[in-house]
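Engineer: So I've got this file, entry29.cif, and it contains mmCIF, C-alpha atoms:
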data_start
loop_
_atom_site.label_atom_id
_atom_site.label_comp_id
_atom_site.auth_asym_id
_atom_site.auth_seq_id
_atom_site.Cartn_x
_atom_site.Cartn_y
_atom_site.Cartn_z
CA MET A 1 150.64 117.15 104.07
CA GLN A 2 151.30 113.47 103.41
CA ASP A 3 148.48 111.46 101.85
CA VAL A 4 147.24 108.97 104.45
CA ARG A 5 146.27 106.61 101.60
CA GLN A 6 149.97 106.31 100.76
CA CYS A 7 151.18 105.61 104.29
CA SER A 8 153.30 102.56 105.04
CA LEU A 9 153.48 100.79 108.41
CA ASN A 10 155.56 101.01 111.57
CA LEU A 11 157.45 97.76 112.15
CA ASN A 12 158.32 98.60 115.76
CA TYR A 13 155.21 96.83 117.06
CA TRP A 14 154.18 93.19 117.39
CA TRP A 15 152.34 92.08 114.24
CA THR A 16 150.04 89.10 113.83
CA VAL A 17 151.09 86.47 111.27
CA ALA A 18 148.95 83.37 111.90
CA HIS A 19 146.31 81.76 114.08
CA LEU A 20 147.64 78.90 116.16
CA LYS A 21 144.94 76.55 114.87
CA ASN A 22 145.34 77.53 111.24
CA PHE A 23 148.27 75.29 110.25
CA SER A 24 148.09 72.44 107.77
CA ARG A 25 149.79 69.09 108.39
CA SER A 26 152.94 70.43 106.73
CA GLY A 27 153.43 72.86 109.61
CA ILE A 28 154.58 75.53 107.15
CA LYS A 29 152.69 78.71 106.41
CA ALA A 30 153.44 81.86 104.39
CA ALA A 31 152.77 85.32 105.81
CA LYS A 32 153.58 88.88 104.87
CA VAL A 33 153.90 92.12 106.81
CA GLY A 34 154.52 95.17 104.66
CA THR A 35 157.18 94.23 102.13
CA ILE A 36 158.62 91.46 104.33
CA GLU A 37 157.76 87.93 103.20
CA LEU A 38 157.80 85.39 106.03
CA VAL A 39 157.61 81.65 106.50
CA VAL A 40 156.08 80.40 109.74
CA VAL A 41 157.10 76.92 110.88
CA LYS A 42 155.36 74.81 113.52
CA ALA A 43 157.32 71.88 114.94
CA ASN A 44 156.53 69.98 118.15
CA SER A 45 154.09 72.68 119.35
CA SER A 46 156.71 75.42 119.01
CA TYR A 47 156.93 78.10 116.35
CA SER A 48 159.67 79.82 114.36
CA VAL A 49 159.37 82.73 111.94
CA PHE A 50 161.96 83.32 109.24
CA GLU A 51 162.46 85.44 106.18
CA ASP A 52 160.79 83.47 103.41
CA ALA A 53 163.96 82.89 101.40
CA CYS A 54 166.54 80.12 101.40
CA PRO A 55 169.97 81.83 101.62
CA HIS A 56 171.21 79.62 98.76
CA LYS A 57 169.01 80.53 95.78
CA ARG A 58 166.49 82.78 97.58
CA VAL A 59 163.55 80.54 96.69
CA ARG A 60 160.58 80.84 99.06
CA LEU A 61 160.62 78.19 101.75
CA SER A 62 156.85 78.50 102.07
CA LYS A 63 156.78 77.03 98.53
CA PHE A 64 159.92 74.86 98.46
CA GLY A 65 160.24 73.97 102.14
CA ARG A 66 159.21 70.82 103.97
CA ARG A 67 159.42 69.91 107.63
CA VAL A 68 161.41 66.85 108.71
CA GLY A 69 161.13 66.47 112.47
CA ASN A 70 161.95 69.91 113.82
CA LYS A 71 164.09 70.79 110.80
CA LEU A 72 163.07 72.92 107.83
CA VAL A 73 164.39 71.47 104.57
CA CYS A 74 164.63 73.31 101.28
CA SER A 75 163.44 70.96 98.55
CA TYR A 76 165.59 72.64 95.91
CA HIS A 77 169.08 71.54 97.05
CA GLY A 78 168.26 69.88 100.36
CA TRP A 79 169.67 72.47 102.74
CA LYS A 80 168.44 71.85 106.31
CA PHE A 81 167.78 74.44 109.00
CA ALA A 82 167.30 74.12 112.77
CA PRO A 83 164.50 75.99 114.64
CA SER A 84 167.08 78.69 115.41
CA GLY A 85 167.57 79.25 111.67
CA GLN A 86 171.09 77.84 111.64
CA CYS A 87 171.89 75.70 108.62
CA THR A 88 172.74 72.19 109.81
CA ASP A 89 173.39 70.35 106.56
CA ILE A 90 174.33 71.08 102.95
CA PRO A 91 174.37 67.84 100.95
CA GLY A 92 177.81 67.17 99.49
CA MET A 93 179.48 70.12 101.24
CA ASP A 94 180.78 70.94 104.71
CA MET A 95 179.82 74.63 104.69
CA GLN A 96 176.62 74.66 106.78
CA LYS A 97 178.07 76.75 109.64
CA GLN A 98 178.44 79.68 107.27
CA PHE A 99 174.71 80.04 106.61
CA CYS A 100 171.53 80.72 108.55
CA LEU A 101 168.02 81.97 107.96
CA LYS A 102 167.07 85.44 109.13
CA SER A 103 164.84 84.77 112.13
CA TYR A 104 162.48 87.04 114.06
CA PRO A 105 161.26 87.15 117.69
CA VAL A 106 157.94 85.40 118.07
CA LYS A 107 155.28 85.16 120.81
CA GLU A 108 151.96 83.38 121.31
CA TYR A 109 149.01 85.33 122.68
CA GLY A 110 145.25 85.27 122.33
CA GLY A 111 145.31 82.30 119.97
CA TRP A 112 147.52 84.21 117.52
CA LEU A 113 151.21 84.14 116.63
CA TRP A 114 152.99 87.50 116.85
CA VAL A 115 156.29 88.58 115.29
CA PHE A 116 158.50 91.62 115.88
CA LEU A 117 160.13 92.88 112.68
CA GLY A 118 161.44 96.25 113.82
CA ASP A 119 164.51 97.53 115.64
CA GLU A 120 165.97 94.59 117.60
CA LYS A 121 166.95 96.96 120.42
CA LEU A 122 163.27 97.67 121.08
CA VAL A 123 161.90 94.13 121.16
CA ASP A 124 162.00 93.77 124.96
CA SER A 125 160.48 97.18 125.62
CA VAL A 126 157.52 96.95 123.21
CA PRO A 127 154.56 95.10 124.80
CA LEU A 128 151.94 92.99 123.12
CA PRO A 129 148.47 94.56 123.01
CA LYS A 130 146.22 93.96 126.01
CA ILE A 131 143.08 91.99 125.13
CA PRO A 132 141.07 91.62 128.39
CA PRO A 133 138.82 88.67 127.35
CA VAL A 134 141.90 86.53 126.64
CA HIS A 135 142.33 86.06 130.37
CA SER A 136 138.66 85.40 131.14
CA GLN A 137 136.78 82.09 131.17
CA HIS A 138 133.49 83.90 130.64
CA TYR A 139 133.95 84.62 126.94
CA HIS A 140 133.67 82.54 123.79
CA PRO A 141 136.17 83.51 121.03
CA ILE A 142 135.35 83.48 117.32
CA PRO A 143 138.51 84.15 115.25
CA MET A 144 138.28 85.32 111.66
CA GLN A 145 140.75 86.50 109.04
CA GLY A 146 140.75 87.51 105.41
CA GLU A 147 142.15 89.81 102.74
CA VAL A 148 140.78 93.20 101.76
CA GLY A 149 141.69 94.93 98.50
CA CYS A 150 142.33 98.41 99.84
CA HIS A 151 144.85 100.52 101.74
CA PHE A 152 144.70 99.68 105.44
CA SER A 153 143.53 103.19 106.36
CA TYR A 154 140.19 102.61 104.63
CA ILE A 155 139.28 99.46 106.56
CA THR A 156 140.56 101.04 109.80
CA GLU A 157 138.31 104.07 109.33
CA ASN A 158 135.42 101.78 108.47
CA ALA A 159 135.83 99.94 111.76
CA THR A 160 136.03 103.06 113.89
CA ASP A 161 133.11 104.80 112.18
CA LEU A 162 129.86 103.33 113.50
CA PHE A 163 127.76 105.69 111.38
CA HIS A 164 127.76 103.14 108.54
CA ALA A 165 125.02 100.99 110.13
CA ASP A 166 122.93 101.32 106.96
CA LEU A 167 125.46 99.10 105.16
CA HIS A 168 124.48 96.15 107.37
CA GLN A 169 120.69 96.19 107.07
CA SER A 170 120.36 92.41 106.90
CA ALA A 171 122.28 91.48 110.06
CA GLN A 172 122.10 94.98 111.60
CA PRO A 173 124.28 94.49 114.71
CA TRP A 174 123.59 98.11 115.66
CA ALA A 175 121.42 101.06 114.60
CA ASN A 176 120.92 104.79 115.22
CA PRO A 177 124.53 105.54 116.23
CA LYS A 178 125.38 108.71 118.11
CA LEU A 179 128.91 109.89 118.93
CA LEU A 180 129.12 110.79 122.62
CA SER A 181 132.82 111.50 123.13
CA LEU A 182 136.18 111.53 121.37
CA LYS A 183 139.72 111.72 122.75
CA SER A 184 142.96 111.16 120.88
CA ASN A 185 146.73 111.54 121.06
CA LEU A 186 149.69 110.67 118.83
CA ARG A 187 149.00 106.91 119.00
CA THR A 188 145.47 106.34 120.28
CA VAL A 189 141.91 107.28 119.40
CA ASN A 190 139.17 106.67 121.99
CA ALA A 191 135.53 107.17 121.06
CA ILE A 192 132.22 106.26 122.67
CA TYR A 193 129.07 105.75 120.63
CA GLU A 194 125.51 105.22 121.76
CA VAL A 195 123.67 102.68 119.59
CA ASP A 196 120.46 100.71 119.46
CA THR A 197 120.55 96.90 119.39
CA PRO A 198 117.22 96.21 117.71
CA ARG A 199 117.53 92.64 116.48
CA LEU A 200 117.25 89.29 118.25
CA LEU A 201 120.86 88.41 117.49
CA ALA A 202 122.02 91.67 119.01
CA ALA A 203 119.91 90.93 122.06
CA LEU A 204 121.82 87.68 122.51
CA ILE A 205 125.17 89.45 122.70
CA SER A 206 124.01 92.60 124.51
CA HIS A 207 120.88 93.86 126.21
CA PRO A 208 118.25 95.34 123.85
CA GLY A 209 117.69 99.07 123.65
CA LYS A 210 120.34 101.75 124.11
CA ASN A 211 123.94 100.61 124.56
CA ARG A 212 127.27 102.34 124.74
CA VAL A 213 130.02 101.00 122.51
CA HIS A 214 133.67 101.92 123.08
CA VAL A 215 136.01 102.18 120.10
CA MET A 216 139.78 102.36 120.56
CA TYR A 217 142.36 102.51 117.81
CA GLU A 218 145.71 102.04 119.50
CA TYR A 219 148.01 101.85 116.49
CA PRO A 220 148.19 99.27 114.99
CA TYR A 221 145.46 97.56 117.04
CA PHE A 222 141.70 98.07 116.96
CA HIS A 223 139.44 97.37 119.94
CA LEU A 224 135.64 97.62 120.16
CA TRP A 225 133.57 96.58 123.16
CA SER A 226 130.18 97.10 124.73
CA GLU A 227 130.10 99.01 127.98
CA ASP A 228 128.07 96.24 129.60
CA GLY A 229 130.83 93.71 128.80
CA ALA A 230 128.68 91.56 126.53
CA PHE A 231 131.20 91.46 123.68
CA TYR A 232 134.72 92.50 122.72
CA LEU A 233 136.24 92.73 119.23
CA PHE A 234 139.99 92.84 118.62
CA VAL A 235 141.49 93.37 115.15
CA VAL A 236 144.91 93.85 113.56
CA TYR A 237 144.98 95.33 110.06
CA VAL A 238 148.25 94.20 108.47
CA PRO A 239 149.28 96.02 105.28
CA THR A 240 150.75 93.60 102.75
CA GLU A 241 150.77 95.82 99.65
CA PRO A 242 149.89 99.45 98.94
CA GLN A 243 146.28 98.45 98.32
CA ARG A 244 145.98 95.12 100.13
CA THR A 245 145.42 94.43 103.81
CA TRP A 246 145.22 91.18 105.74
CA VAL A 247 142.73 91.29 108.59
CA TYR A 248 143.20 89.21 111.76
CA SER A 249 140.33 89.44 114.25
CA THR A 250 138.72 87.74 117.22
CA PHE A 251 135.18 88.43 118.43
CA TYR A 252 134.67 87.52 122.10
CA PHE A 253 131.16 86.97 123.44
CA ARG A 254 130.24 86.67 127.07
CA HIS A 255 128.49 83.39 127.77
CA VAL A 256 124.73 83.75 127.46
CA TRP A 257 123.07 83.24 130.84
CA GLY A 258 126.38 81.85 132.07
CA MET A 259 126.03 78.76 129.86
CA PRO A 260 129.07 78.16 127.57
CA TRP A 261 127.31 75.53 125.47
CA ILE A 262 124.86 78.11 124.04
CA LEU A 263 127.56 80.08 122.22
CA LYS A 264 129.30 76.89 121.14
CA LEU A 265 126.03 75.85 119.56
CA LEU A 266 125.55 79.27 117.95
CA HIS A 267 129.19 79.55 116.82
CA PRO A 268 128.58 78.47 113.17
CA ILE A 269 125.60 80.82 112.87
CA LEU A 270 127.43 83.78 114.40
CA ASP A 271 130.57 83.09 112.39
CA LYS A 272 129.38 82.28 108.86
CA GLY A 273 125.80 83.52 109.04
CA THR A 274 126.49 86.94 110.54
CA PHE A 275 130.07 88.12 111.03
CA ARG A 276 131.45 86.93 107.70
CA GLN A 277 128.43 88.52 106.04
CA VAL A 278 129.10 91.83 107.82
CA PHE A 279 132.81 91.55 106.93
CA ALA A 280 131.94 90.93 103.26
CA GLU A 281 129.73 94.02 103.24
CA ASP A 282 132.55 96.12 104.74
CA ILE A 283 134.99 94.75 102.16
CA ARG A 284 132.64 95.68 99.32
CA ALA A 285 132.33 99.24 100.63
CA VAL A 286 136.01 99.97 101.35
CA GLN A 287 137.13 98.48 98.05
CA GLU A 288 134.73 100.88 96.37
CA GLU A 289 136.39 103.73 98.28
CA GLN A 290 139.76 102.52 97.00
CA ARG A 291 138.39 102.37 93.45
CA ALA A 292 137.30 106.01 93.71
CA TYR A 293 140.73 107.03 94.98
CA ASN A 294 142.44 105.23 92.10
CA LEU A 295 140.10 106.85 89.59
CA HIS A 296 141.19 110.36 90.60
CA SER A 297 144.63 109.63 92.14
CA GLN A 298 143.48 111.51 95.23
CA ASP A 299 140.92 111.31 98.00
CA LEU A 300 137.93 113.46 97.06
CA SER A 301 135.66 112.14 99.84
CA ARG A 302 133.95 114.59 102.19
CA GLU A 303 134.38 113.11 105.66
CA THR A 304 132.03 114.25 108.44
CA ASN A 305 132.98 111.97 111.36
CA PRO A 306 135.71 113.50 113.57
CA VAL A 307 136.75 109.99 114.60
CA SER A 308 137.96 109.32 111.06
CA TYR A 309 140.08 112.47 111.08
CA ALA A 310 141.61 111.43 114.41
CA VAL A 311 142.43 107.98 113.00
CA ARG A 312 144.15 109.55 110.00
CA LYS A 313 146.31 111.73 112.25
CA VAL A 314 147.43 108.69 114.25
CA ILE A 315 148.33 106.76 111.11
CA LEU A 316 150.28 109.71 109.70
CA ASN A 317 152.17 110.17 112.97
CA GLN A 318 152.96 106.50 113.52
CA THR A 319 154.15 105.81 109.97
CA ASP A 320 156.10 109.01 109.38
CA GLY A 321 159.46 108.23 107.81
CA GLN A 322 158.78 104.52 107.40
CA GLN A 323 159.80 102.51 104.33
CA PRO A 324 157.10 102.67 101.62
CA LEU A 325 155.00 99.60 100.87
CA THR A 326 156.15 99.58 97.25
CA LEU A 327 159.50 98.14 96.22
CA GLU A 328 161.67 99.62 93.51
CA PRO A 329 161.89 97.29 90.47
CA PHE A 330 165.09 95.28 90.16
CA VAL A 331 167.33 96.89 87.56
CA TYR A 332 169.86 95.03 85.41
CA GLU A 333 171.97 97.00 82.94
CA GLY A 334 169.61 99.93 83.28
CA LYS A 335 166.52 98.03 82.19
CA PRO A 336 163.64 97.34 84.61
CA VAL A 337 162.80 93.65 84.90
#
How does this structure look as structure tokens?

Structural biologist:
Amino acid sequence: MQDVRQCSLNLNYWWTVAHLKNFSRSGIKAAKVGTIELVVVKANSSYSVFEDACPHKRVRLSKFGRRVGNKLVCSYHGWKFAPSGQCTDIPGMDMQKQFCLKSYPVKEYGGWLWVFLGDEKLVDSVPLPKIPPVHSQHYHPIPMQGEVGCHFSYITENATDLFHADLHQSAQPWANPKLLSLKSNLRTVNAIYEVDTPRLLAALISHPGKNRVHVMYEYPYFHLWSEDGAFYLFVVYVPTEPQRTWVYSTFYFRHVWGMPWILKLLHPILDKGTFRQVFAEDIRAVQEEQRAYNLHSQDLSRETNPVSYAVRKVILNQTDGQQPLTLEPFVYEGKPV
């Protein structure tokens, strides 16, 4: 059986590459999905996503590119590219029509930019994920992103396994978890947990006492929400290397007592004082799991949560036959470089 810790990713889905409010004045941002390096360009409130390589010398446009109007200019030899990717000017030569950047379909949704990198024939038939709070005025979004030094399966299992409440004793968003139900198929895992919300902060985002929390892993998207509708978490775990994952997430909170200004006021506390702390604790734990795997070159853990096994089966099914996350070294005259 294939090792889930060696699985790649399935490109035939929409993958997140940037938050719409996370661009510098340059309007140029690097991103990576699997082994594909990308450059994201914002010009006049529109977005383009290209392979991060000038066709001339293959230098990264995220490093050598600059935006002039709606054009992307390579600062190495001055080649200019339109938002479509077509080269429009090569200084000193009339050859621009022969060259273009490899471009990818892009969409905006939920405050994030999405790109489709898979089979072009499937792009119109593959939908974006459905995130219910995106269409509601009753929720306050808190986006967050960051890198984790582990295979994406570890952080995915961590998210779907609510039995690790002891890790978050300081913030303690939940306690005393109990698995009530589990259903799964070749793409999706649905689980329901019963938890306690014992702290004041938890009482602000859900009613105190017993609560039911729904967990859904619909490859490659993770959803978690309270049954009473108090909060909703959406996450995409994007593999960038065999043991590195970029996490894009948005936590949606229903307005407290119907007053939007309360959550706006609490936003810095919830963001930096609680959720980034919880995220840092998760990172510390899953990176330790990765360290243990590397030490023995195999997974010797003894899993007890059936949700984790269901998640592994989905990952194995969805990534079967996909290109590995590692690239073969370039070889010149038989010598690795």

Engineer: Would you please work out which residue, of A:Phe234, A:Phe251, A:Trp174, A:Phe81, is nearest to A:Val213 when using all atoms listed in the file?

Structural biologist: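 Answer, going by the shortest atom-to-atom distance: A:Trp174.
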
Engineer: Applied to the shown file, which residues does the PyMOL selection byres ((chain A and resi 27-34) around 8) return, written as a PyMOL selection string?

Structural biologist: chain A and resi 8-9+15+17-18+23-26+35-43+52+62+65-67+238-241+325

Engineer: Leaving out A:Val115 and any residue of its chain fewer than 5 positions from it, which residues lie within 8 Å of it when counting only C-alpha atoms, given as a PyMOL selection string?

Structural biologist: chain A and resi 14-17+49+104-107

Engineer: Counting all atoms listed in the file, what is within 8 Å of A:Leu316, bar same-chain residues fewer than 4 positions away, as a PyMOL selection string?

Structural biologist: chain A and resi 2+4+7+312+320

Engineer: Please compute the atom CA of A:Glu108-atom CA of A:Lys130 distance, one decimal, in Å.

Structural biologist: 12.9 Å

Engineer: Taking into account only C-alpha atoms, which residue in the set A:Tyr13, A:Tyr47, A:Tyr193, A:Trp112 is nearest to A:Leu128?

Structural biologist: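 Of all the options, A:Tyr13 lies closest to A:Leu128.
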
Engineer: Can you work out the spacing between atom CA of A:Ile192 and atom CA of A:Val278 in Å, to one decimal?

Structural biologist: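 According to the coordinates, atom CA of A:Ile192 and atom CA of A:Val278 are separated by 20.9 Å.
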
Engineer: For A:Ala280, which of A:Gly149, A:Gly321, A:Gly85, A:Gly69 is the closest residue, counting all atoms listed in the file?

Structural biologist: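 That would be A:Gly149, the residue with the smallest distance to A:Ala280.
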
Engineer: Out of A:Gln98, A:Gln287, A:Thr319, A:Ser84, which residue has the shortest atom-to-atom distance to A:Asn158 when counting only C-alpha atoms?

Structural biologist: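 Distance minimum relative to A:Asn158 lands on A:Gln287.
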
Engineer: So the first atom is atom CA of A:Gly111 and the second is atom CA of A:Arg244; what is the distance between them in Å, to one decimal place?

Structural biologist: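 According to the coordinates, atom CA of A:Gly111 and atom CA of A:Arg244 are separated by 23.6 Å.
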
Engineer: Extract, using all atoms listed in the file, all DNA, RNA and protein residues at most 9 Å from A:Thr88, discarding same-chain residues fewer than 2 positions from it, and format them as a tab-separated table (two decimals) with C-alpha atoms, in the frame of the given file.

Structural biologist:
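Dumped to selection-v3.tsv:
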chain	number	residue	atom	x	y	z
A	71	LYS	CA	164.09	70.79	110.80
A	79	TRP	CA	169.67	72.47	102.74
A	80	LYS	CA	168.44	71.85	106.31
A	81	PHE	CA	167.78	74.44	109.00
A	82	ALA	CA	167.30	74.12	112.77
A	85	GLY	CA	167.57	79.25	111.67
A	86	GLN	CA	171.09	77.84	111.64
A	90	ILE	CA	174.33	71.08	102.95
A	96	GLN	CA	176.62	74.66	106.78
A	97	LYS	CA	178.07	76.75	109.64
A	99	PHE	CA	174.71	80.04	106.61
A	100	CYS	CA	171.53	80.72	108.55

Engineer: Show me, as number ranges by chain, the residues that have an atom within 10 Å of A:Pro141 when counting all atoms listed in the file, minus same-chain residues fewer than 4 positions from it.

Structural biologist: A: 110-111, 133-134, 231-233, 249-254, 263-264, 267

Engineer: Just checking: using only C-alpha atoms, which residue out of A:Glu281, A:Tyr221, A:Lys102, A:Asn190 ends up closest to A:Glu51?

Structural biologist: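 That would be A:Lys102, the residue with the smallest distance to A:Glu51.
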
Engineer: So, counting all atoms listed in the file, which residue among A:Ser226, A:Thr197, A:Thr156, A:Ser46 is closest to A:Leu20?

Structural biologist: A:Ser46

Engineer: Residues within 9 Å of A:Asp119, please, as a PyMOL selection string. Count only C-alpha atoms; anything in the same chain fewer than 4 positions from it doesn't count.

Structural biologist: chain A and resi 11-12+123

Engineer: For the PyMOL selection byres ((chain A and resi 184) around 10), applied here, can you spell out every residue it catches as a ChimeraX atom specification?

Structural biologist: /A:182-183,185-191,216-218,307,310-311,313-314

Engineer: Once you add 5 Å to each side, what are the centre and edge lengths of the axis-aligned box holding all listed atoms of stretch 183-190 of chain A? One decimal in Å, as lines of an AutoDock Vina configuration file, if you can.

Structural biologist:
center_x = 144.4
center_y = 109.0
center_z = 120.8
size_x = 20.5
size_y = 15.4
size_z = 13.9

Engineer: Name every residue that the PyMOL selection byres ((chain A and resi 5) around 10) selects in this structure, writing the answer as a PDB file with C-alpha atoms, in the coordinates of the input with chains first and numbers rising.

Structural biologist:
ATOM      1  CA  GLN A   2     151.300 113.470 103.410  1.00  0.00           C
ATOM      2  CA  ASP A   3     148.480 111.460 101.850  1.00  0.00           C
ATOM      3  CA  VAL A   4     147.240 108.970 104.450  1.00  0.00           C
ATOM      4  CA  GLN A   6     149.970 106.310 100.760  1.00  0.00           C
ATOM      5  CA  CYS A   7     151.180 105.610 104.290  1.00  0.00           C
ATOM      6  CA  SER A   8     153.300 102.560 105.040  1.00  0.00           C
ATOM      7  CA  CYS A 150     142.330  98.410  99.840  1.00  0.00           C
ATOM      8  CA  HIS A 151     144.850 100.520 101.740  1.00  0.00           C
ATOM      9  CA  PHE A 152     144.700  99.680 105.440  1.00  0.00           C
ATOM     10  CA  SER A 153     143.530 103.190 106.360  1.00  0.00           C
ATOM     11  CA  TYR A 154     140.190 102.610 104.630  1.00  0.00           C
ATOM     12  CA  PRO A 242     149.890  99.450  98.940  1.00  0.00           C
ATOM     13  CA  GLN A 243     146.280  98.450  98.320  1.00  0.00           C
ATOM     14  CA  GLN A 290     139.760 102.520  97.000  1.00  0.00           C
ATOM     15  CA  TYR A 293     140.730 107.030  94.980  1.00  0.00           C
ATOM     16  CA  GLN A 298     143.480 111.510  95.230  1.00  0.00           C
ATOM     17  CA  ASP A 299     140.920 111.310  98.000  1.00  0.00           C
ATOM     18  CA  ARG A 312     144.150 109.550 110.000  1.00  0.00           C
ATOM     19  CA  ILE A 315     148.330 106.760 111.110  1.00  0.00           C
ATOM     20  CA  LEU A 316     150.280 109.710 109.700  1.00  0.00           C
TER      21      LEU A 316
END
